[in-house]
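A.B. asks: Dropping in model-v4.cif, with mmCIF, C-alpha atoms.
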```cif
data_structure
#
loop_
_atom_site.label_atom_id
_atom_site.label_comp_id
_atom_site.auth_asym_id
_atom_site.auth_seq_id
_atom_site.Cartn_x
_atom_site.Cartn_y
_atom_site.Cartn_z
CA MET J 1 9.79 26.75 -72.70
CA GLU J 2 11.25 23.43 -73.82
CA ALA J 3 14.92 23.33 -74.76
CA ASP J 4 16.87 21.03 -77.07
CA ALA J 5 20.30 19.50 -76.53
CA GLY J 6 21.94 22.29 -78.51
CA GLN J 7 20.62 24.91 -76.11
CA TYR J 8 22.01 22.98 -73.15
CA LEU J 9 25.42 22.70 -74.81
CA GLU J 10 25.35 26.40 -75.60
CA ALA J 11 24.40 27.14 -71.97
CA VAL J 12 27.42 25.18 -70.75
CA LEU J 13 29.69 26.98 -73.21
CA LEU J 14 28.34 30.40 -72.20
CA GLY J 15 28.66 29.45 -68.52
CA VAL J 16 32.35 28.68 -69.05
CA VAL J 17 32.79 31.91 -71.05
CA GLN J 18 31.04 33.88 -68.32
CA ALA J 19 33.24 32.40 -65.58
CA LEU J 20 36.46 33.06 -67.48
CA THR J 21 35.57 36.57 -68.57
CA GLU J 22 33.84 37.82 -65.42
CA PHE J 23 36.89 37.38 -63.25
CA LEU J 24 39.55 38.00 -65.86
CA PRO J 25 39.55 41.68 -66.87
CA ILE J 26 38.40 41.04 -70.44
CA SER J 27 34.61 41.72 -70.31
CA SER J 28 32.06 38.99 -69.71
CA SER J 29 29.17 40.96 -71.21
CA GLY J 30 31.22 41.67 -74.32
CA HIS J 31 32.01 38.00 -74.83
CA LEU J 32 28.38 37.05 -74.20
CA VAL J 33 27.43 39.38 -77.06
CA LEU J 34 30.13 38.03 -79.39
CA VAL J 35 30.11 34.26 -78.76
CA PRO J 36 26.50 33.60 -79.87
CA ARG J 37 27.09 35.65 -83.02
CA VAL J 38 30.21 33.63 -83.82
CA LEU J 39 28.12 30.48 -83.35
CA GLY J 40 25.53 31.87 -85.75
CA ARG J 41 22.89 32.46 -83.08
CA GLU J 42 21.25 35.56 -81.73
CA PRO J 43 22.84 37.10 -78.59
CA SER J 44 21.44 35.57 -75.42
CA SER J 45 18.73 37.48 -73.59
CA LEU J 46 19.66 39.89 -70.84
CA THR J 47 17.83 37.59 -68.39
CA PHE J 48 20.07 34.68 -69.39
CA ASP J 49 23.16 36.89 -69.09
CA VAL J 50 22.08 37.93 -65.60
CA ALA J 51 21.55 34.29 -64.64
CA LEU J 52 25.13 33.55 -65.66
CA HIS J 53 26.28 36.51 -63.58
CA LEU J 54 24.35 35.13 -60.61
CA GLY J 55 26.36 31.94 -61.01
CA THR J 56 29.56 33.91 -60.69
CA VAL J 57 28.19 35.69 -57.61
CA VAL J 58 27.89 32.27 -55.99
CA ALA J 59 31.55 31.69 -56.89
CA VAL J 60 32.59 35.01 -55.31
CA ILE J 61 30.67 34.41 -52.10
CA GLY J 62 31.99 30.87 -51.85
CA TYR J 63 35.63 31.74 -52.58
CA PHE J 64 35.73 34.78 -50.30
CA TRP J 65 33.43 33.42 -47.59
CA ARG J 66 36.01 34.12 -44.87
CA ASP J 67 36.21 37.77 -45.95
CA TRP J 68 32.43 38.07 -45.98
CA ALA J 69 32.10 36.41 -42.58
CA ALA J 70 34.77 38.69 -41.08
CA ILE J 71 33.20 41.83 -42.59
CA VAL J 72 29.71 40.97 -41.35
CA ALA J 73 30.93 39.96 -37.88
CA ALA J 74 33.02 43.13 -37.51
CA GLY J 75 30.17 45.31 -38.75
CA LEU J 76 27.62 43.86 -36.36
CA ARG J 77 30.04 44.08 -33.44
CA ASP J 78 31.03 47.68 -34.12
CA VAL J 79 27.47 48.86 -34.71
CA ALA J 80 26.50 47.29 -31.38
CA THR J 81 29.41 48.86 -29.46
CA GLU J 82 30.08 52.11 -31.34
CA GLY J 83 26.76 52.89 -32.97
CA VAL J 84 27.07 55.16 -36.01
CA ALA J 85 30.48 56.54 -35.00
CA VAL J 86 32.13 55.13 -38.12
CA ARG J 87 35.53 56.64 -37.26
CA ARG J 88 35.70 54.26 -34.29
CA TRP J 89 34.81 51.18 -36.31
CA SER J 90 37.49 48.63 -37.13
CA PRO J 91 39.01 48.74 -40.65
CA ARG J 92 37.18 45.55 -41.61
CA ALA J 93 33.80 46.91 -40.51
CA ARG J 94 34.47 50.12 -42.44
CA LEU J 95 35.36 48.03 -45.49
CA GLY J 96 31.83 46.64 -45.48
CA LEU J 97 30.46 50.18 -45.43
CA TRP J 98 32.75 51.23 -48.30
CA LEU J 99 31.49 48.25 -50.34
CA VAL J 100 27.95 49.53 -49.86
CA LEU J 101 29.04 53.03 -50.88
CA ALA J 102 30.83 51.73 -53.97
CA THR J 103 27.71 49.85 -55.06
CA ILE J 104 25.57 53.00 -55.29
CA PRO J 105 26.80 54.36 -58.68
CA ALA J 106 26.05 51.10 -60.52
CA VAL J 107 22.61 50.91 -58.91
CA ILE J 108 21.76 54.43 -60.07
CA VAL J 109 23.15 54.02 -63.58
CA GLY J 110 21.53 50.60 -63.95
CA ALA J 111 18.13 51.91 -62.85
CA LEU J 112 18.29 54.87 -65.23
CA PHE J 113 19.99 53.42 -68.31
CA SER J 114 19.78 49.60 -68.31
CA ASP J 115 16.99 49.54 -70.93
CA TRP J 116 18.89 51.95 -73.18
CA ILE J 117 22.08 49.91 -72.82
CA ASP J 118 20.23 46.70 -73.65
CA GLU J 119 18.72 48.25 -76.78
CA HIS J 120 21.66 50.26 -78.12
CA ALA J 121 24.98 49.12 -76.61
CA ARG J 122 24.84 45.34 -77.10
CA GLU J 123 26.46 45.61 -80.53
CA PRO J 124 29.82 44.19 -81.73
CA VAL J 125 31.20 47.59 -82.71
CA VAL J 126 30.58 48.93 -79.19
CA VAL J 127 32.23 45.84 -77.71
CA GLY J 128 35.27 46.23 -79.96
CA VAL J 129 35.83 49.89 -79.13
CA MET J 130 35.36 49.36 -75.39
CA LEU J 131 37.71 46.36 -75.34
CA ILE J 132 40.50 48.45 -76.84
CA LEU J 133 39.85 51.68 -74.92
CA PHE J 134 39.60 50.11 -71.49
CA GLY J 135 42.40 47.70 -72.29
CA VAL J 136 44.71 50.67 -72.79
CA LEU J 137 43.48 52.26 -69.56
CA LEU J 138 44.10 48.99 -67.69
CA GLY J 139 47.65 48.84 -69.01
CA LEU J 140 48.39 52.44 -68.05
CA ALA J 141 46.95 52.05 -64.56
CA ASP J 142 48.81 48.80 -63.94
CA ARG J 143 52.08 50.28 -65.21
CA TRP J 144 51.93 53.66 -63.49
CA GLY J 145 49.70 53.09 -60.46
CA GLY J 146 51.38 54.05 -57.19
CA LEU J 147 50.98 52.40 -53.81
CA VAL J 148 48.87 54.01 -51.09
CA GLY J 149 48.02 50.89 -49.15
CA ARG J 150 46.23 47.58 -49.09
CA LEU J 151 42.60 46.51 -48.96
CA LEU J 152 41.88 47.60 -45.38
CA ASP J 153 43.30 51.06 -46.19
CA MET J 154 40.34 51.76 -48.49
CA THR J 155 38.70 55.16 -47.97
CA PRO J 156 35.18 56.33 -48.86
CA GLY J 157 36.47 58.56 -51.68
CA ARG J 158 38.50 55.79 -53.27
CA ALA J 159 35.67 53.29 -52.82
CA PHE J 160 33.21 55.62 -54.55
CA ALA J 161 35.65 56.15 -57.43
CA VAL J 162 35.90 52.38 -57.92
CA GLY J 163 32.09 52.27 -57.80
CA VAL J 164 31.88 54.82 -60.63
CA ALA J 165 34.20 52.60 -62.66
CA GLN J 166 31.91 49.65 -61.97
CA ALA J 167 28.93 51.65 -63.25
CA ALA J 168 30.76 52.32 -66.52
CA ALA J 169 31.14 48.57 -66.95
CA LEU J 170 27.41 48.20 -67.63
CA ILE J 171 28.43 48.90 -71.24
CA PRO J 172 29.44 45.60 -72.91
CA GLY J 173 33.15 45.42 -73.63
CA VAL J 174 34.24 47.57 -70.69
CA SER J 175 34.58 44.68 -68.19
CA ARG J 176 33.38 45.08 -64.62
CA SER J 177 36.48 43.48 -63.13
CA GLY J 178 38.69 45.29 -65.64
CA ALA J 179 37.22 48.71 -64.85
CA THR J 180 37.30 48.25 -61.08
CA ILE J 181 40.80 46.77 -61.04
CA THR J 182 41.92 49.63 -63.29
CA ALA J 183 40.45 52.14 -60.85
CA GLY J 184 42.01 50.36 -57.89
CA ARG J 185 45.45 50.30 -59.50
CA ALA J 186 45.13 53.95 -60.59
CA LEU J 187 44.28 54.85 -56.99
CA GLY J 188 47.46 53.13 -55.82
CA PHE J 189 46.34 49.74 -54.54
CA ASP J 190 48.46 46.68 -55.25
CA ARG J 191 47.08 44.10 -57.69
CA ILE J 192 45.88 41.67 -55.03
CA SER J 193 44.03 44.37 -53.08
CA ALA J 194 42.52 45.88 -56.23
CA ALA J 195 41.33 42.45 -57.37
CA ARG J 196 39.91 41.46 -53.97
CA PHE J 197 37.95 44.70 -53.68
CA SER J 198 36.74 44.24 -57.27
CA PHE J 199 35.51 40.72 -56.61
CA LEU J 200 33.88 41.57 -53.28
CA LEU J 201 32.20 44.56 -54.90
CA SER J 202 30.72 42.42 -57.66
CA ALA J 203 28.43 40.49 -55.31
CA PRO J 204 25.90 43.15 -54.17
CA VAL J 205 25.20 44.81 -57.52
CA ILE J 206 25.05 41.61 -59.58
CA LEU J 207 22.94 39.85 -56.96
CA GLY J 208 20.52 42.77 -56.83
CA ALA J 209 20.29 43.06 -60.61
CA GLY J 210 19.81 39.31 -60.90
CA ILE J 211 16.94 39.22 -58.43
CA LEU J 212 15.18 42.11 -60.19
CA SER J 213 15.71 40.59 -63.63
CA MET J 214 14.39 37.21 -62.56
CA ALA J 215 11.37 38.86 -60.93
CA GLU J 216 10.61 40.69 -64.18
CA ALA J 217 10.97 37.46 -66.16
CA LEU J 218 8.55 35.66 -63.85
CA THR J 219 5.95 38.44 -63.82
CA GLY J 220 6.41 39.96 -67.27
CA GLY J 221 5.63 36.95 -69.41
CA GLU J 222 9.12 36.63 -70.87
CA GLU J 223 9.65 33.21 -72.44
CA VAL J 224 12.62 31.72 -70.59
CA ALA J 225 14.30 28.37 -71.18
CA TRP J 226 14.76 27.62 -67.50
CA GLY J 227 16.65 24.36 -67.98
CA PRO J 228 19.55 25.85 -69.97
CA LEU J 229 19.46 28.93 -67.73
CA VAL J 230 20.07 26.83 -64.61
CA VAL J 231 22.73 24.72 -66.33
CA GLY J 232 24.55 27.86 -67.47
CA ALA J 233 24.42 29.42 -64.01
CA VAL J 234 25.72 26.28 -62.28
CA THR J 235 28.52 25.99 -64.82
CA ALA J 236 29.46 29.64 -64.28
CA ALA J 237 29.56 29.12 -60.50
CA ALA J 238 31.74 26.01 -60.60
CA VAL J 239 34.21 27.26 -63.19
CA GLY J 240 34.20 30.76 -61.67
CA ALA J 241 35.55 29.54 -58.34
CA LEU J 242 38.45 27.86 -60.13
CA VAL J 243 39.17 30.96 -62.22
CA ILE J 244 39.30 33.23 -59.16
CA GLY J 245 41.91 31.04 -57.52
CA VAL J 246 44.07 30.85 -60.64
CA PHE J 247 43.81 34.59 -61.28
CA MET J 248 44.70 35.56 -57.72
CA ARG J 249 47.80 33.35 -57.85
CA PHE J 250 48.73 34.71 -61.28
CA ILE J 251 48.71 38.38 -60.27
CA GLN J 252 50.92 37.67 -57.26
CA ARG J 253 53.75 37.08 -59.73
CA ARG J 254 52.77 38.76 -62.99
CA THR J 255 51.50 42.06 -64.36
CA LEU J 256 48.19 42.48 -66.18
CA ALA J 257 49.90 42.98 -69.55
CA ALA J 258 48.63 39.68 -71.01
CA PHE J 259 45.03 40.78 -70.50
CA VAL J 260 45.74 44.21 -71.97
CA TRP J 261 47.13 42.72 -75.18
CA TYR J 262 44.30 40.19 -75.37
CA ARG J 263 41.72 42.97 -75.13
CA ILE J 264 43.42 45.07 -77.81
CA ALA J 265 43.82 42.11 -80.17
CA LEU J 266 40.24 40.93 -79.70
CA GLY J 267 38.84 44.44 -80.02
CA ALA J 268 40.76 45.02 -83.24
CA ALA J 269 39.58 41.66 -84.62
CA VAL J 270 35.97 42.51 -83.78
CA LEU J 271 36.18 45.90 -85.51
CA VAL J 272 37.75 44.31 -88.60
CA ALA J 273 35.01 41.66 -88.65
CA VAL J 274 32.32 44.35 -88.35
CA ALA J 275 33.88 46.35 -91.18
CA ALA J 276 33.98 43.21 -93.31
CA GLY J 277 30.35 42.43 -92.57
CA ALA J 278 31.20 39.19 -90.75
CA LEU J 279 29.61 40.33 -87.46
#
```
Written as structure tokens, that's how I'd like the structure from this file.
C.D. replies:
Amino acid sequence: MEADAGQYLEAVLLGVVQALTEFLPISSSGHLVLVPRVLGREPSSLTFDVALHLGTVVAVIGYFWRDWAAIVAAGLRDVATEGVAVRRWSPRARLGLWLVLATIPAVIVGALFSDWIDEHAREPVVVGVMLILFGVLLGLADRWGGLVGRLLDMTPGRAFAVGVAQAAALIPGVSRSGATITAGRALGFDRISAARFSFLLSAPVILGAGILSMAEALTGGEEVAWGPLVVGAVTAAAVGALVIGVFMRFIQRRTLAAFVWYRIALGAAVLVAVAAGAL
């Protein structure tokens, strides 16, 4: 499918939007539904959205490559020396296992409901309601969350709970990072640990969904503008790495209140626009 200059410019814009909103707890999928409508275009296809998410996966793997290398090395070492006796594994090796466990809910929900979500939930009114609802939950969790430990103190129960939150974020407007950071803070982890687990957790499920979506596009006859798709994904990867670094430094000193108020304000504006017939 040939693309014009406008499609390439839109791909760059959506790549920047994806990078900003994937790692900030304000909903990338929600913004990817809203931005094309504001520009007077139809929402981008789910395949294009997934391609942008794949770009941000590259950013996550690149930014946290030391974490990934340490997790993989520890896991291989402990499996070789301790076998399946998980209780004797090092905390870092167990963290890798908990990331796998936390990925399961999103895989199940995505397999069962992704088509329904694509058909019925990619609407501005859904985005508006979810922005407000999960913005309030983020604020409450950040304000009242206790402190049980840091990243390497993750347990299977807490990891699974964060995974359930990630599954809920398949609905546009919820925010994958917002939901998982909310769960992490509610479970007592400090902001840095909650964010790091959230970002590490994003890689397996988004990568898996992206591979499946691209396979379906290639074999199902879907008309895909591959040029803009690649440009959008590369933009999302480059900008995403910058956003992660800025966000991690920000939450070392500040609360998440700015993102809470942004979500509430945007959600309210979306609902007003829907009521007025503007969206």
A.B. asks: What are the closest atom pairs, with distances in Å to one decimal, for each residue of region 49-96 of chain J lying within 7 Å of region 189-206 of chain J, using all atoms listed in the file, rows by chain and rising residue number, as CSV?
C.D. replies:
```
residue,atom,partner,partner_atom,distance
J:His53,CA,J:Ile206,CA,6.6
J:Leu54,CA,J:Ile206,CA,6.6
J:Val57,CA,J:Ala203,CA,5.3
J:Val60,CA,J:Phe199,CA,6.5
```
A.B. asks: Between CA of Gly30 (chain J) and CA of Gly96 (chain J), what is the distance in Å, rounded to a tenth?
C.D. replies: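 Distance reported for this atom pair: 29.3 Å.
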A.B. asks: With distances taken over all atoms listed in the file, which residue among J:Leu32, J:Ala19, J:Ala275, J:Val174 lies nearest Leu133 (chain J)?
C.D. replies: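 Ranked by minimum distance to Leu133 (chain J), first place goes to J:Val174.
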A.B. asks: Evaluating the PyMOL selection byres ((chain J and resi 151-158) around 6) on the displayed file yields which residues, as an NGL selection string?
C.D. replies: :J and (91 or 98 or 149-150 or 159-161 or 193)
A.B. asks: Restricting the calculation to only C-alpha atoms, which member of J:Gly128, J:Ala265, J:Ser177, J:Ile211 is positioned closest to His31 (chain J)?
C.D. replies: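 Ranking J:Gly128, J:Ala265, J:Ser177, J:Ile211 by distance to His31 (chain J), first place goes to J:Gly128.
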